Amino acid sequence: MLHRKKTGNGETEVMKKKKYGRGIVKENLQVYALMLPTLLLIFTFCYLPMYGVIIAFQDYVPGAAFLGSDVKWVGLKWFKQFIGGHYFQRLLKNTVTLSILELIFGFTAPILFALLLDQIRHLRFKKFVQTASYMPYFISTVVVAGMVISFTDVNGLITNMLTALGFPRQNWRVNSAAFPWIYTFTNVWKSFGFGSILYCSVISSIDPGLYEAAKLDGANRWQQAWHITLPGIKAVIAIKLITTVGSILSVNSNFILLYYLPATYDVADVIGTYTYRLGILEGQYSYTTAAGVFTSVIAFALTYLANKVSNKLADVGLW
Amino acid sequence: MKKKNKVREGNPAITVLLYIAAGAMAFITLYPMYYVLILSLSEPQFAATMKVYTWPKGFNLGAYEILVKDAKMWRAYANTFLYVVCNTVLVVTTCTLVAYGLSYKNLIGRKFLTMFLLVPMYFSGGMIPHFLLIMKLGLYDSPLSQIIPAAFSIWDIILIRSFFRTIPDSLVDAAKIDGAGVLQVLTNVFLPLGKPIFAVIAVYTIVSTWNSWFNAMIYLPHTTWQPLQLHLRRVLVSSSQTLSQVMDQAAAREAAAKELSNAQLQYAMIIFTSLPVLAAYPFFQRYFVKGMVLGSLKE
């Protein structure tokens, strides 16, 4: 089949004669023609919105052009309004609180779980636990939020459990003090199993000889985990930590949007949900774009810093 | 395996504790779904008390009988199905083409292209500029708003690219000597050999499309083209609406006649809409694991 193509295809003849030159250019044109639709999509949906960010510096009127004579440039007005605004402190406090809880529990849970699984020698049992732990990842956020709403309602499953533990019976969804914990527990529940995949696969690639040597030296279970397994996954932990620190200001607002109520805004409202309400629902485009820019600048700075620190301390980094 | 057993034995009491801990983790992940299942299958009078913990009390498929008559749900199901099929085909195609381009040895402007792909992974315009773009393109309130912006993924390009790296150059050279052009190398070498990675990407895309709801909520104000997850959101989350407003009239009347509680209907809905993914994921998981490992190789 290839041979038939050869006779009917003049371009390849050219390519074979000259190693560089017209043949290469022609092939490049063909390659770029194949890539063009995707590159256009990327340009449109990734780069055009970056350009759209300039409305954070103007009084944007919906439907107007981003550039032109009638654009009213306002400098940093929206940024000042956001940072000096009534809700800024609350948003920042909530966002950082939830992120730190996520860092403490959400980040460590997959590591601990992977270390735990490593101790399970019965292969079928291990496989079962592992498969079970992935399940929540495949359930949609909407379903998870729906389940949590129902479980924390007055006669819900979680409420019943908490009542048995001595807490007063109530609708926990409207309880501000409980919200950060419900949020954290749900997040950990949804992602610890899936998050452990990477750690498990790295652990399984550690040289078994190391463990045997340690065993001969009289190292017990904990010493082996501490001196062999943990150093073995150090690099992956560092990379994960950098990205987690970088996303401190961008907590996953998807679950919050579904679960929170005006009664819990004082602890549950984060930059993402605030942007959604004021931007999409109320149409304050310039103001919320400024809030978004503020968040991504901080996020990038944090990623950059974390990467620097990690490069210094652990010799691992994204760049 | 037996050999390993010898190497790392410890205090048997602690071993037992560790097994119990692992079992407890499995229980915690599985039980909520199991609880939802048994409650949805119980007799309505028991389900209404919510106190069904171990096994369905009685057996009643009433909630499901009503669900399957809900035309609005089927419409939402069909919409999701459409988005899943389109997005999966599109993502695999568009990403493969770029990954193939990056694998082409004599590519001119490779540095520029790599930058072009990397920058959006660190910077994005954010929710609002994206929203305004969709409005300007006229995709707002159109099913295309769920397809076109989701028709590519830079992350997937990188995954496919790193898989293509494992294809030996000699195969490409051999094809070229046989006279294969750019297109023939793609169809005769890369496409057949890339099947495992295409499966990985397809599975990732199917699951994420099936579960996505946020963009639909922003871009699709009318129910006609809304996916299943938004229908679910109305049923499970919006406390302001009662189920009778969400479901179609006939189904709601029947639910009232059968004295089914809201919770039981909601739980039946959860099971019914999660079933395809839950049934498939044990088979999917090896693809996810593969994708994770491939993705990390790159770093």
# chains A, B, ... in the order shown; residues from 1 in each chain; ligands from 1
call {"tool": "select_by_dssp", "arguments": {"residues": "segment 23-236 of chain B", "states": "alpha helix (DSSP H)", "output": "ChimeraX atom specification"}}
result
/B:23-41,44-49,62-67,71-103,110-122,127-136,154-164,169-177,182-185,191-193,195-211,214-219,228-236
call {"tool": "closest_atom_pairs", "arguments": {"of": "chain B", "to": "chain A", "cutoff": "6 Å", "atoms": "only C-alpha atoms", "output": "JSON lines"}}
result
{"residue": "B:Ala26", "atom": "CA", "partner": "A:Val129", "partner_atom": "CA", "distance": 5.2}
{"residue": "B:Thr29", "atom": "CA", "partner": "A:Ser133", "partner_atom": "CA", "distance": 5.9}
{"residue": "B:Thr94", "atom": "CA", "partner": "A:Thr38", "partner_atom": "CA", "distance": 5.4}
{"residue": "B:Leu97", "atom": "CA", "partner": "A:Met35", "partner_atom": "CA", "distance": 5.6}
{"residue": "B:Val98", "atom": "CA", "partner": "A:Met35", "partner_atom": "CA", "distance": 5.0}
{"residue": "B:Gly101", "atom": "CA", "partner": "A:Val31", "partner_atom": "CA", "distance": 5.6}
{"residue": "B:Ser124", "atom": "CA", "partner": "A:Met50", "partner_atom": "CA", "distance": 5.9}
{"residue": "B:Gly125", "atom": "CA", "partner": "A:Met50", "partner_atom": "CA", "distance": 4.0}
{"residue": "B:Ile128", "atom": "CA", "partner": "A:Thr289", "partner_atom": "CA", "distance": 5.9}
{"residue": "B:Pro129", "atom": "CA", "partner": "A:Pro49", "partner_atom": "CA", "distance": 5.0}
{"residue": "B:His130", "atom": "CA", "partner": "A:Pro49", "partner_atom": "CA", "distance": 5.3}
{"residue": "B:Gly179", "atom": "CA", "partner": "A:Lys6", "partner_atom": "CA", "distance": 4.6}
{"residue": "B:Gly181", "atom": "CA", "partner": "A:Thr12", "partner_atom": "CA", "distance": 5.9}
{"residue": "B:Asn211", "atom": "CA", "partner": "A:Ser140", "partner_atom": "CA", "distance": 4.7}
{"residue": "B:Arg233", "atom": "CA", "partner": "A:Val142", "partner_atom": "CA", "distance": 5.9}
{"residue": "B:Leu236", "atom": "CA", "partner": "A:Gly146", "partner_atom": "CA", "distance": 4.9}
{"residue": "B:Val237", "atom": "CA", "partner": "A:Gly146", "partner_atom": "CA", "distance": 5.6}
call {"tool": "atom_distance", "arguments": {"atom1": "atom CA of Asp153 of chain A", "atom2": "atom CA of Tyr87 of chain A"}}
result
28.5 Å
call {"tool": "atom_distance", "arguments": {"atom1": "atom CA of Phe179 of chain A", "atom2": "atom CA of Pro262 of chain A"}}
result
12.4 Å
call {"tool": "atom_distance", "arguments": {"atom1": "atom CA of Ser191 of chain A", "atom2": "atom CA of Lys51 of chain B"}}
result
27.8 Å
call {"tool": "closest_residue", "arguments": {"among": "B:Val119, B:Val91, B:Ala250, B:Met217", "to": "Ala199 of chain B", "atoms": "only C-alpha atoms"}}
result
B:Val91
call {"tool": "residues_around", "arguments": {"residues": "segment 41-46 of chain B", "least_positions_apart": "4", "cutoff": "8 Å", "atoms": "only C-alpha atoms", "output": "short mmCIF file (atom, residue, chain, number, x, y, z; two decimals) with C-alpha atoms, in the first residue's frame"}}
result
data_model
loop_
_atom_site.label_atom_id
_atom_site.label_comp_id
_atom_site.auth_asym_id
_atom_site.auth_seq_id
_atom_site.Cartn_x
_atom_site.Cartn_y
_atom_site.Cartn_z
CA LEU B 37 -28.89 2.70 47.06
CA MET B 50 -34.28 7.81 56.56
CA LYS B 51 -33.42 5.04 59.03
CA VAL B 52 -32.37 2.27 56.67
CA PRO B 56 -33.32 -2.28 52.15
CA LYS B 57 -36.44 -2.36 54.34
CA GLY B 58 -38.98 -3.93 52.06
CA PHE B 59 -38.39 -3.66 48.35
CA ASN B 60 -39.97 -1.05 46.16
CA LEU B 61 -38.95 0.15 42.72
CA ALA B 63 -39.10 5.70 42.69
CA GLU B 259 -46.34 8.98 48.74
CA LEU B 260 -42.69 8.86 47.82
CA SER B 261 -40.54 11.21 49.84
CA GLN B 264 -36.19 8.69 48.06
CA ALA B 268 -33.09 6.99 43.08
#
